[in-house]
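I have placed the structure first, in the form of structure tokens, so that the comments after it can refer back to it.
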Amino acid sequence: MKKCFFLLAIILLYTESTYAIELKGLLPLDPYGVFSTFSAESLPKGKFAVASGFEVSDSPDLYRFILKNAYGISNTVELNVTLPYEYGSDVKDGFEDFALGVKHRFFEEGKYGPSLAYMLTVSLPTGSDQLTTQGLYGAGFLVSKRVGPFNGHMNFFYEKTGSGEFHRAVTFLAGFDFAVAHNFKLLAELDIRKSQDSKKVDLIEPRIGYRITTTDSIYTTFGAGFDLKNRHPQTRLMFTVTFLSPTEKKKIQRIYEEE
């Protein structure tokens, strides 16, 4: 526990109080992630998911509408797409970059070991004015492990961008969900980022929320994020609805014995 507090203190020490436009980038779809943290698990082959999300931020004040899609290329490979639209801020309203990613799980979870995956990411420079990275590409490493009702994930991404003073972004994400009931999960996440505009960490944001399984193929997620050390944005509220393609129900064959 003391080591965790020491690590957090080091991170806070190397943060800057600069403000730059935050771009969302690639995001996971429920239930294969927590807010911004990807799970190493993926959609089954041939299955797809579509999600729409809405986000409200304070200081700076802005609204963001997010469209997300995922498709299971195989049982271990998944294609992800994210397209955010931002409005209400000091920056001109418009779309952000069109983000794509391919996730490949190369190691399955065992009794003691986690599932492991890597992810290749690219963002096309389609964003308007200041809402673009001028093109982005990179890779990430994903770890997931389930222990009882807990399901935890850790991500590390390194990406090169066409904009910003330093042209590289580093992201560390840690999230978990806790099954309170068969259709209700508590969510928590820590998002730590160094953007292309900074030498040091310029975003540390813990997030909490919950996810409701409305039906077998619909998930509804609510969440809130809070800044540390006067970061930007200071607070944010998140709402997402995800639709998964229905799975085939197994037919149960009944056998009757003649008396």
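In the structure tokens, chains take letters A, B, ... by order of appearance, with residues numbered from 1 within each chain and ligands from 1 in the order shown.
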
*Shell around Ile73 of chain A at 6 Å using only C-alpha atoms, local window under 3 positions removed, as a list in words*: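 Close residues of Ile73 of chain A: Lys45, Val77 and Glu78 of chain A.
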
*Please return as an MDAnalysis selection string: the residues of segment 1-245 of chain A that backbone DSSP assigns to alpha helix (DSSP H).*
chainID A and resid 2:13

Each segment 39-118 of chain A residue no farther than 8 Å from segment 123-139 of chain A, nearest pair in Å, only C-alpha atoms, as JSON lines:
{"residue": "A:Val91", "atom": "CA", "partner": "A:Gln130", "partner_atom": "CA", "distance": 7.1}
{"residue": "A:Lys92", "atom": "CA", "partner": "A:Asp129", "partner_atom": "CA", "distance": 7.4}
{"residue": "A:Gly94", "atom": "CA", "partner": "A:Ser128", "partner_atom": "CA", "distance": 5.9}
{"residue": "A:Phe95", "atom": "CA", "partner": "A:Gly127", "partner_atom": "CA", "distance": 5.2}
{"residue": "A:Glu96", "atom": "CA", "partner": "A:Gly127", "partner_atom": "CA", "distance": 4.1}
{"residue": "A:Asp97", "atom": "CA", "partner": "A:Gly127", "partner_atom": "CA", "distance": 4.4}
{"residue": "A:Phe98", "atom": "CA", "partner": "A:Leu124", "partner_atom": "CA", "distance": 5.3}
{"residue": "A:Ala99", "atom": "CA", "partner": "A:Ser123", "partner_atom": "CA", "distance": 4.2}
{"residue": "A:Leu100", "atom": "CA", "partner": "A:Ser123", "partner_atom": "CA", "distance": 6.1}
{"residue": "A:Tyr118", "atom": "CA", "partner": "A:Ala139", "partner_atom": "CA", "distance": 7.2}

*Residues flagged strand (DSSP E) by DSSP in segment 150-224 of chain A, as a PyMOL selection string*: chain A and resi 150-161+168-181+184-194+203-215+218-224

As a short mmCIF file (atom, residue, chain, number, x, y, z; two decimals) with N, CA and C atoms, in the first residue's frame, please: the residues near segment 150-160 of chain A (cut-off 7 Å, only C-alpha atoms, same-chain neighbours under 4 positions excluded).
data_model
loop_
_atom_site.label_atom_id
_atom_site.label_comp_id
_atom_site.auth_asym_id
_atom_site.auth_seq_id
_atom_site.Cartn_x
_atom_site.Cartn_y
_atom_site.Cartn_z
N THR A 37 -10.87 2.19 -20.71
CA THR A 37 -9.96 1.05 -20.57
C THR A 37 -10.48 -0.15 -21.34
N PHE A 38 -9.64 -0.70 -22.22
CA PHE A 38 -10.01 -1.86 -23.01
C PHE A 38 -9.80 -3.16 -22.24
N SER A 39 -10.69 -4.10 -22.46
CA SER A 39 -10.50 -5.47 -21.98
C SER A 39 -9.71 -6.24 -23.03
N LEU A 136 -2.51 10.08 -36.39
CA LEU A 136 -1.94 9.40 -35.22
C LEU A 136 -1.81 7.92 -35.52
N TYR A 137 -0.73 7.30 -35.02
CA TYR A 137 -0.59 5.85 -35.09
C TYR A 137 0.19 5.38 -33.87
N GLY A 138 -0.08 4.15 -33.45
CA GLY A 138 0.62 3.64 -32.28
C GLY A 138 0.18 2.23 -31.95
N ALA A 139 0.53 1.82 -30.73
CA ALA A 139 0.22 0.46 -30.29
C ALA A 139 -0.01 0.46 -28.79
N GLY A 140 -0.73 -0.55 -28.33
CA GLY A 140 -1.02 -0.68 -26.91
C GLY A 140 -0.93 -2.12 -26.45
N PHE A 141 -0.73 -2.30 -25.16
CA PHE A 141 -0.64 -3.62 -24.54
C PHE A 141 -1.76 -3.71 -23.50
N LEU A 142 -2.55 -4.78 -23.55
CA LEU A 142 -3.74 -4.93 -22.71
C LEU A 142 -3.63 -6.17 -21.84
N VAL A 143 -4.04 -6.04 -20.58
CA VAL A 143 -4.04 -7.16 -19.62
C VAL A 143 -5.39 -7.20 -18.93
N SER A 144 -5.99 -8.39 -18.83
CA SER A 144 -7.27 -8.56 -18.14
C SER A 144 -7.22 -9.81 -17.27
N LYS A 145 -7.89 -9.73 -16.11
CA LYS A 145 -7.95 -10.87 -15.20
C LYS A 145 -9.22 -10.81 -14.38
N ARG A 146 -9.92 -11.94 -14.28
CA ARG A 146 -11.13 -12.05 -13.48
C ARG A 146 -10.82 -12.83 -12.20
N HIS A 167 4.93 15.54 -30.31
CA HIS A 167 4.52 14.56 -31.31
C HIS A 167 4.46 13.12 -30.79
N ARG A 168 4.21 12.95 -29.52
CA ARG A 168 3.99 11.60 -28.99
C ARG A 168 3.09 11.68 -27.76
N ALA A 169 2.28 10.67 -27.60
CA ALA A 169 1.35 10.61 -26.47
C ALA A 169 1.49 9.26 -25.78
N VAL A 170 1.44 9.28 -24.45
CA VAL A 170 1.56 8.06 -23.64
C VAL A 170 0.36 7.99 -22.72
N THR A 171 -0.27 6.82 -22.64
CA THR A 171 -1.48 6.66 -21.83
C THR A 171 -1.39 5.40 -20.99
N PHE A 172 -1.72 5.53 -19.70
CA PHE A 172 -1.87 4.37 -18.81
C PHE A 172 -3.29 4.37 -18.27
N LEU A 173 -3.96 3.22 -18.38
CA LEU A 173 -5.33 3.08 -17.93
C LEU A 173 -5.47 1.84 -17.07
N ALA A 174 -6.22 1.97 -15.98
CA ALA A 174 -6.53 0.83 -15.12
C ALA A 174 -8.00 0.91 -14.74
N GLY A 175 -8.74 -0.16 -14.98
CA GLY A 175 -10.17 -0.16 -14.68
C GLY A 175 -10.63 -1.52 -14.21
N PHE A 176 -11.72 -1.54 -13.46
CA PHE A 176 -12.30 -2.82 -13.05
C PHE A 176 -13.80 -2.68 -12.90
N ASP A 177 -14.48 -3.80 -13.02
CA ASP A 177 -15.92 -3.84 -12.73
C ASP A 177 -16.17 -4.90 -11.66
N PHE A 178 -17.17 -4.63 -10.84
CA PHE A 178 -17.53 -5.51 -9.73
C PHE A 178 -19.00 -5.88 -9.87
N ALA A 179 -19.28 -7.16 -9.99
CA ALA A 179 -20.64 -7.64 -10.20
C ALA A 179 -21.40 -7.64 -8.87
#

*asked:* Could you check the closest approach to Lys24 of chain A for each of A:Gly113, A:Gly72, A:Pro206, A:Pro84 and tell me which residue wins, using only C-alpha atoms?
replied: A:Pro84

Which segment 69-140 of chain A residues have any atom within 7 Å of an atom of segment 47-65 of chain A, and for each, what is the nearest pair of atoms with distance in Å to one decimal, counting only C-alpha atoms, rows sorted by chain and number, as JSON lines?
{"residue": "A:Asn69", "atom": "CA", "partner": "A:Val50", "partner_atom": "CA", "distance": 4.6}
{"residue": "A:Ala70", "atom": "CA", "partner": "A:Ala49", "partner_atom": "CA", "distance": 5.1}
{"residue": "A:Tyr71", "atom": "CA", "partner": "A:Phe48", "partner_atom": "CA", "distance": 4.3}
{"residue": "A:Gly72", "atom": "CA", "partner": "A:Lys47", "partner_atom": "CA", "distance": 5.3}
{"residue": "A:Pro84", "atom": "CA", "partner": "A:Phe65", "partner_atom": "CA", "distance": 5.7}
{"residue": "A:Tyr85", "atom": "CA", "partner": "A:Phe65", "partner_atom": "CA", "distance": 5.1}
{"residue": "A:Glu86", "atom": "CA", "partner": "A:Arg64", "partner_atom": "CA", "distance": 4.5}
{"residue": "A:Tyr87", "atom": "CA", "partner": "A:Tyr63", "partner_atom": "CA", "distance": 5.4}
{"residue": "A:Gly88", "atom": "CA", "partner": "A:Leu62", "partner_atom": "CA", "distance": 4.7}
{"residue": "A:Ser89", "atom": "CA", "partner": "A:Leu62", "partner_atom": "CA", "distance": 4.6}

Could you write out that same residue set with C-alpha atoms as a PDB file, in the first residue's frame?
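Contents of the output file selection-v5.pdb:
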ATOM      1  CA  ASN A  69     -18.600   0.366 -33.346  1.00  0.00           C
ATOM      2  CA  ALA A  70     -16.837  -2.986 -32.981  1.00  0.00           C
ATOM      3  CA  TYR A  71     -16.770  -6.175 -35.033  1.00  0.00           C
ATOM      4  CA  GLY A  72     -15.391  -9.624 -34.239  1.00  0.00           C
ATOM      5  CA  PRO A  84     -16.597  11.890 -31.481  1.00  0.00           C
ATOM      6  CA  TYR A  85     -18.376  15.183 -32.183  1.00  0.00           C
ATOM      7  CA  GLU A  86     -17.579  18.130 -29.891  1.00  0.00           C
ATOM      8  CA  TYR A  87     -19.603  21.298 -29.389  1.00  0.00           C
ATOM      9  CA  GLY A  88     -20.121  24.093 -26.881  1.00  0.00           C
ATOM     10  CA  SER A  89     -16.442  24.783 -26.119  1.00  0.00           C
TER      11      SER A  89
END
